[in-house]
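Following: one structure in structure tokens, then a few remarks.
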Amino acid sequence: MARKIFPGNYVNNQDSYDPVALAIPPFLRYRICGYFEIKNGNTDTTFSLIIPSVNNTDPNKTFPSGWTIPVGSYVMRYAYRLPSTNTDGEAVTVGGTNSHELILGPDLDDTKGGTIVAASSTFAAGTAKLDVFSPTKTTGALAIKLRVADGSGAAGAAPSVSKGTVRIPAEIVYAVSDDVITLEEIPNGYK
């Protein structure tokens, strides 16, 4: 379960292992921010979300199975941006097969977060994609990853990086129904 913070009361220790949810009854709202890494010599077509440690002493948390949004949640936003520099600050290009797509979502057919399409053998640097705000209730758990598709719903070819490592920042926002209040949460509830 997440730690709760309430509007006007943002005091709560945070770390990458225990997500914090904004409690606006009747929902807990989550905003997950992290990145996907594509390294020079890459052979992968699916990328795991990495959430950096907020205190720089814990290791970063990687989600190889994807960030899981639970059943019955309301997905409010997927968003990501393809940078124009690598982790060393050098200009870089991300190569890809023409018409193949980068997709942030639970599968190759879900284009809710928008797609970045390769043209002229590269994915356009600086391109940001986000979904149109229309919260949808999940009927199953969603494992959110960055994926490469060939444009027809099948896996695409692995993207390449001209040098170094590119980190693609991403944001996932969703709401989960909160638990029913207990007497402990009411001041003098047992009085």
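Naming works like this for the structure tokens: A, B, ... for the chains as they're shown, residue 1 at the start of each chain, ligands 1 onward in shown order.
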Which residues of range 10-99 of chain A have any atom within 8 Å of an atom in range 176-182 of chain A when counting only C-alpha atoms, and what is the closest pair of atoms for each, with the distance in Å to one decimal? Order the rows by chain and rising number and write it as JSON lines.
{"residue": "A:Ala23", "atom": "CA", "partner": "A:Asp178", "partner_atom": "CA", "distance": 7.8}
{"residue": "A:Pro25", "atom": "CA", "partner": "A:Asp178", "partner_atom": "CA", "distance": 6.8}
{"residue": "A:Pro26", "atom": "CA", "partner": "A:Asp178", "partner_atom": "CA", "distance": 5.5}
{"residue": "A:Phe27", "atom": "CA", "partner": "A:Ser177", "partner_atom": "CA", "distance": 4.5}
{"residue": "A:Leu28", "atom": "CA", "partner": "A:Val176", "partner_atom": "CA", "distance": 5.2}
{"residue": "A:Arg29", "atom": "CA", "partner": "A:Val176", "partner_atom": "CA", "distance": 6.5}
{"residue": "A:Pro70", "atom": "CA", "partner": "A:Val176", "partner_atom": "CA", "distance": 7.9}
{"residue": "A:Gly72", "atom": "CA", "partner": "A:Val176", "partner_atom": "CA", "distance": 7.1}
{"residue": "A:Ser73", "atom": "CA", "partner": "A:Val176", "partner_atom": "CA", "distance": 4.7}
{"residue": "A:Tyr74", "atom": "CA", "partner": "A:Val176", "partner_atom": "CA", "distance": 6.6}
Residues just named, written with C-alpha atoms as a compact mmCIF listing (two decimals), in the first residue's frame:
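After the write, part-v4.txt holds the following:
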# COMPACT_ATOMS: atom_id res chain seq x y z
CA ALA A 23 -5.39 11.31 -1.34
CA PRO A 25 -11.27 11.07 -1.62
CA PRO A 26 -12.56 8.79 -2.89
CA PHE A 27 -9.31 8.19 -4.85
CA LEU A 28 -5.58 7.84 -4.33
CA ARG A 29 -3.79 9.48 -7.25
CA PRO A 70 -3.99 -2.46 -10.76
CA GLY A 72 -10.15 -1.08 -11.47
CA SER A 73 -7.80 1.92 -11.68
CA TYR A 74 -8.52 4.95 -13.80
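Nearest to Thr46 in chain A of all the residues A:Ala155, A:Ala91, A:Ala125, A:Val117 is A:Ala155, counting only C-alpha atoms.
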From A:Lys191, A:Ala119, A:Lys137, A:His100, residue lying nearest Ser152 in chain A [only C-alpha atoms]:
A:His100
For the atom pair CA of Thr62 in chain A and CA of Cys33 in chain A, what is the interatomic distance in Å to one decimal place?
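Those two atoms sit 12.2 Å apart.
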As a list in words, please: the residues near Pro83 in chain A (cut-off 12 Å, only C-alpha atoms, same-chain neighbours under 2 positions excluded).
Tyr35, Phe36, Glu37, Ile38, Tyr80, Arg81, Thr85, Asn86, Thr87, Gly89, Glu90, Ala91, Val92, Thr93, Val94, Phe123, Ala124, Ala125, Gly126, Thr127, Ala128, Lys129, Val161, Thr165, Val166, Arg167, Ile168, Pro169 and Ala170 of chain A
Using DSSP on the backbone coordinates, identify all residues within range 4-170 of chain A classified as strand (DSSP E); present the result as a PyMOL selection string.
chain A and resi 4-5+20-24+27-39+46-47+49-51+61-63+67-69+74-81+94-95+101-105+115-117+122-123+128-130+136-137+142-149+160-161+165-170
Counting only C-alpha atoms, the residue of A:Gly140, A:Gly95, A:Pro7, A:Pro135 that sits nearest Ala158 in chain A:
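Once distances to Ala158 in chain A are computed over only C-alpha atoms, the minimum belongs to A:Gly95.
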Tell me which protein, DNA and RNA residues are within 10 Å of Asn98 in chain A, counting only C-alpha atoms, leaving out same-chain ones fewer than 5 positions away, and put them as a ChimeraX atom specification.
/A:117-123,150-151,157
For those residues, write N, CA, C and O atoms to a file as a JSON list (two decimals), in the first residue's frame.
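As a result, part15.json now contains:
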[["chain", "number", "residue", "atom", "x", "y", "z"],
["A", 117, "VAL", "N", 6.97, 7.82, -34.45],
["A", 117, "VAL", "CA", 7.20, 6.98, -35.63],
["A", 117, "VAL", "C", 8.55, 7.31, -36.26],
["A", 117, "VAL", "O", 8.88, 8.49, -36.43],
["A", 118, "ALA", "N", 9.31, 6.27, -36.60],
["A", 118, "ALA", "CA", 10.61, 6.46, -37.25],
["A", 118, "ALA", "C", 10.40, 6.87, -38.70],
["A", 118, "ALA", "O", 9.59, 6.30, -39.41],
["A", 119, "ALA", "N", 11.14, 7.88, -39.10],
["A", 119, "ALA", "CA", 11.16, 8.32, -40.50],
["A", 119, "ALA", "C", 12.60, 8.63, -40.86],
["A", 119, "ALA", "O", 13.36, 9.10, -40.01],
["A", 120, "SER", "N", 12.98, 8.34, -42.08],
["A", 120, "SER", "CA", 14.38, 8.54, -42.51],
["A", 120, "SER", "C", 15.35, 7.82, -41.58],
["A", 120, "SER", "O", 16.40, 8.34, -41.22],
["A", 121, "SER", "N", 14.95, 6.66, -41.12],
["A", 121, "SER", "CA", 15.76, 5.77, -40.26],
["A", 121, "SER", "C", 16.10, 6.34, -38.89],
["A", 121, "SER", "O", 17.02, 5.89, -38.24],
["A", 122, "THR", "N", 15.32, 7.34, -38.42],
["A", 122, "THR", "CA", 15.54, 7.86, -37.06],
["A", 122, "THR", "C", 14.19, 8.20, -36.42],
["A", 122, "THR", "O", 13.21, 8.50, -37.09],
["A", 123, "PHE", "N", 14.19, 8.16, -35.09],
["A", 123, "PHE", "CA", 13.06, 8.67, -34.32],
["A", 123, "PHE", "C", 13.38, 10.13, -34.03],
["A", 123, "PHE", "O", 14.49, 10.45, -33.62],
["A", 150, "ASP", "N", 5.91, -2.63, -35.13],
["A", 150, "ASP", "CA", 6.17, -2.46, -36.56],
["A", 150, "ASP", "C", 5.05, -1.71, -37.28],
["A", 150, "ASP", "O", 5.06, -1.58, -38.49],
["A", 151, "GLY", "N", 4.07, -1.22, -36.53],
["A", 151, "GLY", "CA", 2.96, -0.48, -37.14],
["A", 151, "GLY", "C", 1.74, -1.33, -37.40],
["A", 151, "GLY", "O", 0.68, -0.81, -37.72],
["A", 157, "ALA", "N", 11.68, -3.70, -34.96],
["A", 157, "ALA", "CA", 13.13, -3.91, -34.88],
["A", 157, "ALA", "C", 13.71, -3.07, -33.74],
["A", 157, "ALA", "O", 13.20, -2.00, -33.41]]
Fewer than 2 positions away in the same chain doesn't count, so skip those; otherwise give me all residues within 8 Å of Leu49 in chain A, counting only C-alpha atoms, as an MDAnalysis selection string.
chainID A and resid 34:36 47 51 62:64 66:67 144:146
CA of Leu142 in chain A to CA of Arg3 in chain A: how many Å, to one decimal?
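CA of Arg3 in chain A lies 21.3 Å from CA of Leu142 in chain A.
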Enter the distance from CA of Thr115 in chain A to CA of Gly153 in chain A, in Å, rounded to one decimal.
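According to the coordinates, CA of Thr115 in chain A and CA of Gly153 in chain A are separated by 12.3 Å.
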